[in-house]
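The file upload-v7.pdb comes next; it holds PDB, C-alpha atoms.
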```
ATOM      1  CA  MET A   1    -144.904 122.512 140.429  1.00  0.00           C
ATOM      2  CA  PRO A   2    -143.904 126.161 140.149  1.00  0.00           C
ATOM      3  CA  THR A   3    -140.206 127.002 140.188  1.00  0.00           C
ATOM      4  CA  ALA A   4    -138.216 129.776 141.849  1.00  0.00           C
ATOM      5  CA  LEU A   5    -134.677 131.045 141.363  1.00  0.00           C
ATOM      6  CA  ILE A   6    -132.618 132.984 143.907  1.00  0.00           C
ATOM      7  CA  LEU A   7    -129.431 134.773 142.754  1.00  0.00           C
ATOM      8  CA  THR A   8    -126.806 135.355 145.434  1.00  0.00           C
ATOM      9  CA  ALA A   9    -123.094 135.470 146.166  1.00  0.00           C
ATOM     10  CA  GLU A  10    -120.598 135.624 149.007  1.00  0.00           C
ATOM     11  CA  GLY A  11    -121.524 138.136 151.717  1.00  0.00           C
ATOM     12  CA  PHE A  12    -125.298 137.980 151.168  1.00  0.00           C
ATOM     13  CA  GLU A  13    -127.661 139.201 153.885  1.00  0.00           C
ATOM     14  CA  ASP A  14    -128.459 135.851 155.489  1.00  0.00           C
ATOM     15  CA  ILE A  15    -132.150 136.326 156.266  1.00  0.00           C
ATOM     16  CA  GLU A  16    -132.839 137.815 152.825  1.00  0.00           C
ATOM     17  CA  VAL A  17    -131.855 134.488 151.255  1.00  0.00           C
ATOM     18  CA  LEU A  18    -133.025 132.043 153.904  1.00  0.00           C
ATOM     19  CA  TYR A  19    -136.503 133.486 154.508  1.00  0.00           C
ATOM     20  CA  PRO A  20    -137.570 133.502 150.825  1.00  0.00           C
ATOM     21  CA  TYR A  21    -135.885 130.131 150.223  1.00  0.00           C
ATOM     22  CA  TYR A  22    -137.927 128.378 152.898  1.00  0.00           C
ATOM     23  CA  ARG A  23    -141.082 130.433 152.381  1.00  0.00           C
ATOM     24  CA  LEU A  24    -141.148 129.595 148.668  1.00  0.00           C
ATOM     25  CA  GLN A  25    -140.627 125.906 149.425  1.00  0.00           C
ATOM     26  CA  GLU A  26    -143.446 126.069 151.962  1.00  0.00           C
ATOM     27  CA  ALA A  27    -145.665 127.558 149.226  1.00  0.00           C
ATOM     28  CA  GLY A  28    -144.878 124.614 146.931  1.00  0.00           C
ATOM     29  CA  TYR A  29    -142.090 126.042 144.765  1.00  0.00           C
ATOM     30  CA  ILE A  30    -139.106 124.034 143.638  1.00  0.00           C
ATOM     31  CA  THR A  31    -136.456 126.544 144.669  1.00  0.00           C
ATOM     32  CA  HIS A  32    -132.931 126.796 143.258  1.00  0.00           C
ATOM     33  CA  ILE A  33    -130.026 128.997 144.297  1.00  0.00           C
ATOM     34  CA  ALA A  34    -127.574 130.225 141.661  1.00  0.00           C
ATOM     35  CA  THR A  35    -124.160 131.652 142.601  1.00  0.00           C
ATOM     36  CA  PRO A  36    -121.280 132.949 140.475  1.00  0.00           C
ATOM     37  CA  GLY A  37    -119.255 129.727 140.699  1.00  0.00           C
ATOM     38  CA  GLY A  38    -122.082 127.318 141.433  1.00  0.00           C
ATOM     39  CA  LYS A  39    -120.562 126.635 144.845  1.00  0.00           C
ATOM     40  CA  SER A  40    -121.780 127.237 148.372  1.00  0.00           C
ATOM     41  CA  VAL A  41    -121.552 130.820 149.641  1.00  0.00           C
ATOM     42  CA  THR A  42    -121.500 132.304 153.129  1.00  0.00           C
ATOM     43  CA  GLY A  43    -123.644 135.167 154.334  1.00  0.00           C
ATOM     44  CA  LYS A  44    -122.620 138.202 156.368  1.00  0.00           C
ATOM     45  CA  HIS A  45    -123.716 136.450 159.558  1.00  0.00           C
ATOM     46  CA  GLY A  46    -122.091 133.083 158.828  1.00  0.00           C
ATOM     47  CA  HIS A  47    -124.921 131.044 157.301  1.00  0.00           C
ATOM     48  CA  GLN A  48    -123.839 128.938 154.372  1.00  0.00           C
ATOM     49  CA  VAL A  49    -126.128 128.029 151.485  1.00  0.00           C
ATOM     50  CA  GLU A  50    -125.498 125.399 148.863  1.00  0.00           C
ATOM     51  CA  ALA A  51    -125.828 126.457 145.254  1.00  0.00           C
ATOM     52  CA  THR A  52    -127.924 124.444 142.870  1.00  0.00           C
ATOM     53  CA  LEU A  53    -126.088 125.778 139.813  1.00  0.00           C
ATOM     54  CA  PRO A  54    -123.743 128.518 138.568  1.00  0.00           C
ATOM     55  CA  LEU A  55    -125.252 131.678 137.090  1.00  0.00           C
ATOM     56  CA  LYS A  56    -123.785 130.848 133.678  1.00  0.00           C
ATOM     57  CA  ASN A  57    -125.947 127.691 133.518  1.00  0.00           C
ATOM     58  CA  VAL A  58    -129.247 129.366 134.421  1.00  0.00           C
ATOM     59  CA  ASP A  59    -131.997 129.046 131.819  1.00  0.00           C
ATOM     60  CA  PRO A  60    -134.533 131.697 132.898  1.00  0.00           C
ATOM     61  CA  GLY A  61    -137.212 129.873 130.901  1.00  0.00           C
ATOM     62  CA  GLU A  62    -137.119 127.049 133.453  1.00  0.00           C
ATOM     63  CA  TYR A  63    -138.271 129.319 136.304  1.00  0.00           C
ATOM     64  CA  ASP A  64    -141.493 131.102 137.178  1.00  0.00           C
ATOM     65  CA  VAL A  65    -140.171 133.637 139.702  1.00  0.00           C
ATOM     66  CA  LEU A  66    -136.901 135.360 140.619  1.00  0.00           C
ATOM     67  CA  VAL A  67    -135.622 136.585 144.007  1.00  0.00           C
ATOM     68  CA  LEU A  68    -132.779 139.121 144.336  1.00  0.00           C
ATOM     69  CA  PRO A  69    -131.613 139.312 147.966  1.00  0.00           C
ATOM     70  CA  GLY A  70    -129.255 141.975 149.252  1.00  0.00           C
ATOM     71  CA  GLY A  71    -126.141 142.260 151.334  1.00  0.00           C
ATOM     72  CA  ARG A  72    -122.873 142.148 149.375  1.00  0.00           C
ATOM     73  CA  GLY A  73    -124.190 139.446 147.033  1.00  0.00           C
ATOM     74  CA  PRO A  74    -125.499 141.765 144.296  1.00  0.00           C
ATOM     75  CA  GLU A  75    -122.244 143.728 144.198  1.00  0.00           C
ATOM     76  CA  ARG A  76    -120.200 140.551 143.860  1.00  0.00           C
ATOM     77  CA  ILE A  77    -122.504 139.196 141.158  1.00  0.00           C
ATOM     78  CA  ARG A  78    -122.053 142.483 139.252  1.00  0.00           C
ATOM     79  CA  LEU A  79    -118.271 142.210 139.615  1.00  0.00           C
ATOM     80  CA  TYR A  80    -117.884 138.576 138.598  1.00  0.00           C
ATOM     81  CA  CYS A  81    -120.950 137.667 136.527  1.00  0.00           C
ATOM     82  CA  ARG A  82    -122.247 140.945 135.088  1.00  0.00           C
ATOM     83  CA  GLU A  83    -123.352 139.576 131.717  1.00  0.00           C
ATOM     84  CA  GLU A  84    -124.959 136.472 133.179  1.00  0.00           C
ATOM     85  CA  ALA A  85    -126.861 138.592 135.691  1.00  0.00           C
ATOM     86  CA  ARG A  86    -127.953 141.015 132.970  1.00  0.00           C
ATOM     87  CA  ARG A  87    -129.209 138.123 130.821  1.00  0.00           C
ATOM     88  CA  ILE A  88    -131.113 136.406 133.641  1.00  0.00           C
ATOM     89  CA  VAL A  89    -132.726 139.492 135.198  1.00  0.00           C
ATOM     90  CA  ALA A  90    -133.632 141.028 131.830  1.00  0.00           C
ATOM     91  CA  SER A  91    -135.268 137.776 130.751  1.00  0.00           C
ATOM     92  CA  PHE A  92    -137.537 137.686 133.817  1.00  0.00           C
ATOM     93  CA  MET A  93    -138.418 141.372 133.537  1.00  0.00           C
ATOM     94  CA  ASP A  94    -139.050 141.220 129.778  1.00  0.00           C
ATOM     95  CA  ALA A  95    -141.308 138.183 130.225  1.00  0.00           C
ATOM     96  CA  GLY A  96    -143.299 139.900 132.988  1.00  0.00           C
ATOM     97  CA  LYS A  97    -142.431 137.139 135.436  1.00  0.00           C
ATOM     98  CA  PRO A  98    -142.567 137.991 139.152  1.00  0.00           C
ATOM     99  CA  VAL A  99    -139.324 139.453 140.506  1.00  0.00           C
ATOM    100  CA  ALA A 100    -138.681 140.172 144.196  1.00  0.00           C
ATOM    101  CA  ALA A 101    -135.741 142.397 145.193  1.00  0.00           C
ATOM    102  CA  ILE A 102    -134.734 143.636 148.634  1.00  0.00           C
ATOM    103  CA  CYS A 103    -131.999 145.792 150.132  1.00  0.00           C
ATOM    104  CA  HIS A 104    -129.155 145.943 147.553  1.00  0.00           C
ATOM    105  CA  GLY A 105    -130.914 143.415 145.259  1.00  0.00           C
ATOM    106  CA  PRO A 106    -132.227 146.187 142.969  1.00  0.00           C
ATOM    107  CA  GLN A 107    -128.621 146.819 141.908  1.00  0.00           C
ATOM    108  CA  LEU A 108    -129.088 143.823 139.607  1.00  0.00           C
ATOM    109  CA  LEU A 109    -132.164 145.483 138.106  1.00  0.00           C
ATOM    110  CA  VAL A 110    -129.948 148.496 137.325  1.00  0.00           C
ATOM    111  CA  THR A 111    -127.366 146.205 135.704  1.00  0.00           C
ATOM    112  CA  ALA A 112    -130.107 144.692 133.547  1.00  0.00           C
ATOM    113  CA  GLY A 113    -131.348 148.170 132.551  1.00  0.00           C
ATOM    114  CA  LYS A 114    -134.875 147.327 133.651  1.00  0.00           C
ATOM    115  CA  ILE A 115    -135.986 149.983 136.156  1.00  0.00           C
ATOM    116  CA  ARG A 116    -136.507 153.109 134.059  1.00  0.00           C
ATOM    117  CA  GLY A 117    -140.032 154.331 134.791  1.00  0.00           C
ATOM    118  CA  ARG A 118    -140.580 151.790 137.569  1.00  0.00           C
ATOM    119  CA  ARG A 119    -141.619 152.616 141.139  1.00  0.00           C
ATOM    120  CA  LEU A 120    -139.614 150.759 143.785  1.00  0.00           C
ATOM    121  CA  THR A 121    -137.815 150.789 147.106  1.00  0.00           C
ATOM    122  CA  SER A 122    -134.503 149.455 148.407  1.00  0.00           C
ATOM    123  CA  TYR A 123    -131.892 149.973 151.064  1.00  0.00           C
ATOM    124  CA  PRO A 124    -131.754 153.788 151.289  1.00  0.00           C
ATOM    125  CA  GLY A 125    -128.019 153.813 150.490  1.00  0.00           C
ATOM    126  CA  ILE A 126    -128.637 152.898 146.846  1.00  0.00           C
ATOM    127  CA  ARG A 127    -131.502 155.346 146.308  1.00  0.00           C
ATOM    128  CA  ASP A 128    -129.351 157.694 144.206  1.00  0.00           C
ATOM    129  CA  ASP A 129    -128.250 154.818 141.942  1.00  0.00           C
ATOM    130  CA  LEU A 130    -131.832 153.729 141.341  1.00  0.00           C
ATOM    131  CA  GLU A 131    -133.038 157.252 140.638  1.00  0.00           C
ATOM    132  CA  ALA A 132    -130.078 157.838 138.289  1.00  0.00           C
ATOM    133  CA  ALA A 133    -131.188 154.696 136.417  1.00  0.00           C
ATOM    134  CA  GLY A 134    -134.664 156.196 135.956  1.00  0.00           C
ATOM    135  CA  ALA A 135    -136.666 154.679 138.812  1.00  0.00           C
ATOM    136  CA  THR A 136    -138.964 156.466 141.219  1.00  0.00           C
ATOM    137  CA  TRP A 137    -137.721 155.544 144.703  1.00  0.00           C
ATOM    138  CA  VAL A 138    -140.106 155.534 147.667  1.00  0.00           C
ATOM    139  CA  ASP A 139    -139.471 154.875 151.344  1.00  0.00           C
ATOM    140  CA  GLU A 140    -142.063 152.182 152.079  1.00  0.00           C
ATOM    141  CA  PRO A 141    -141.746 148.643 153.511  1.00  0.00           C
ATOM    142  CA  VAL A 142    -142.902 147.071 150.247  1.00  0.00           C
ATOM    143  CA  VAL A 143    -143.658 148.434 146.794  1.00  0.00           C
ATOM    144  CA  VAL A 144    -145.501 146.469 144.114  1.00  0.00           C
ATOM    145  CA  ASP A 145    -145.119 147.738 140.539  1.00  0.00           C
ATOM    146  CA  GLY A 146    -146.639 145.160 138.210  1.00  0.00           C
ATOM    147  CA  ASN A 147    -144.420 142.073 138.317  1.00  0.00           C
ATOM    148  CA  LEU A 148    -141.781 143.781 140.495  1.00  0.00           C
ATOM    149  CA  VAL A 149    -141.989 143.580 144.299  1.00  0.00           C
ATOM    150  CA  THR A 150    -139.305 145.474 146.227  1.00  0.00           C
ATOM    151  CA  SER A 151    -138.474 146.046 149.869  1.00  0.00           C
ATOM    152  CA  ARG A 152    -135.910 147.895 151.986  1.00  0.00           C
ATOM    153  CA  VAL A 153    -134.429 145.934 154.887  1.00  0.00           C
ATOM    154  CA  PRO A 154    -134.821 142.690 156.897  1.00  0.00           C
ATOM    155  CA  PRO A 155    -137.659 143.951 159.173  1.00  0.00           C
ATOM    156  CA  ASP A 156    -139.727 144.468 155.989  1.00  0.00           C
ATOM    157  CA  ILE A 157    -139.370 140.835 154.866  1.00  0.00           C
ATOM    158  CA  PRO A 158    -142.807 139.586 156.046  1.00  0.00           C
ATOM    159  CA  PHE A 159    -144.546 142.350 154.055  1.00  0.00           C
ATOM    160  CA  TRP A 160    -142.247 141.755 151.057  1.00  0.00           C
ATOM    161  CA  MET A 161    -142.829 138.017 150.880  1.00  0.00           C
ATOM    162  CA  ARG A 162    -146.577 138.327 151.485  1.00  0.00           C
ATOM    163  CA  GLU A 163    -146.940 140.665 148.502  1.00  0.00           C
ATOM    164  CA  PHE A 164    -144.489 138.722 146.362  1.00  0.00           C
ATOM    165  CA  LEU A 165    -146.354 135.470 146.913  1.00  0.00           C
ATOM    166  CA  ARG A 166    -149.614 137.183 145.930  1.00  0.00           C
ATOM    167  CA  VAL A 167    -148.052 138.397 142.676  1.00  0.00           C
ATOM    168  CA  ALA A 168    -146.418 135.011 142.079  1.00  0.00           C
ATOM    169  CA  GLU A 169    -149.654 133.112 142.722  1.00  0.00           C
ATOM    170  CA  LYS A 170    -151.528 135.201 140.150  1.00  0.00           C
ATOM    171  CA  TYR A 171    -148.759 134.627 137.605  1.00  0.00           C
ATOM    172  CA  VAL A 172    -148.583 130.873 138.178  1.00  0.00           C
ATOM    173  CA  GLU A 173    -152.390 130.546 138.012  1.00  0.00           C
ATOM    174  CA  SER A 174    -152.542 132.443 134.716  1.00  0.00           C
ATOM    175  CA  ARG A 175    -149.711 130.296 133.301  1.00  0.00           C
ATOM    176  CA  MET A 176    -151.520 127.111 134.344  1.00  0.00           C
ATOM    177  CA  ARG A 177    -154.718 128.269 132.615  1.00  0.00           C
ATOM    178  CA  GLY A 178    -152.707 128.733 129.465  1.00  0.00           C
TER     179      GLY A 178
END
```
Could you quickly redo this structure as structure tokens?
Amino acid sequence: MPTALILTAEGFEDIEVLYPYYRLQEAGYITHIATPGGKSVTGKHGHQVEATLPLKNVDPGEYDVLVLPGGRGPERIRLYCREEARRIVASFMDAGKPVAAICHGPQLLVTAGKIRGRRLTSYPGIRDDLEAAGATWVDEPVVVDGNLVTSRVPPDIPFWMREFLRVAEKYVESRMRG
């Protein structure tokens, strides 16, 4: 079965974690959630999610796809687990594995140094940060740039996940063929 990893932390945007979590499971992915301390975290709107493991224990080689939700989660990951986040995100990007990021999630792509020359979108408030890191920012519901699928805000989630699952399916099929 294919595997998915979601990175999040306290203050995440609830729907940006819950929607991909259940949608990936529905599509047949074994889906894990990694948090800074490996403990449950609470979203901005009060939903709690249980962590599968702490970021420091993540082996990116065990996963096929990565999801980077927004809210305050990415900022807190950068504050408390910067090196772990850099290692995990860079590994996925370097391997060409599918990565989905929404809202403030692309902040972790900046931390990993993996957006120079890439075309993407995000919550408009971090546009300057992404452009300063070398990305081309566009204001569209979903942007697909190779293995990277980005989106802006919760109303864009259906478009984001539809495109991400297309990219992920192609990757998993090619991996299965060897």
Answer key for the PyMOL selection byres ((chain A and resi 48) around 12), residues as JSON, numbers by chain: {"A": [8, 9, 10, 11, 12, 13, 14, 15, 17, 18, 33, 39, 40, 41, 42, 43, 44, 45, 46, 47, 49, 50, 51]}
Between atom CA of Ala95 of chain A and atom CA of Lys114 of chain A - distance in Å to one decimal: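 So the two atoms, atom CA of Lys114 of chain A and atom CA of Ala95 of chain A, lie 11.7 Å apart.
Nearest to Glu26 of chain A of all the residues A:Trp160, A:Ile115, A:Leu109, A:Leu165 is A:Leu165, based on all atoms listed in the file.
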Spatial sel., origin (-136.0, 129.6, 138.2), limit 8 Å, all atoms listed in the file, listed as a list in words: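 Within the cut-off we find Thr3, Ala4, Leu5, Ile6, Thr31, His32, Val58, Asp59, Pro60, Gly61, Glu62, Tyr63, Asp64, Val65 and Leu66 of chain A.
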Atomic separation - atom CA of Met1 of chain A relative to atom CA of Asp94 of chain A, Å: 22.3 Å
Selection result for the PyMOL selection byres ((chain A and resi 154) around 12) on this file, as an MDAnalysis selection string: chainID A and resid 13:20 69:71 101:104 122:123 141:142 150:153 155:161
Coordinates-based distance that separates atom CA of Ala112 of chain A from atom CA of Arg76 of chain A (Å, one decimal):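 Between atom CA of Arg76 of chain A and atom CA of Ala112 of chain A the gap is 14.9 Å.
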Nearest to Ala133 of chain A by atom-to-atom distance, counting only C-alpha atoms, from A:Val149, A:Thr111, A:Arg175, A:Tyr21: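 Closest to Ala133 of chain A, using only C-alpha atoms: A:Thr111.
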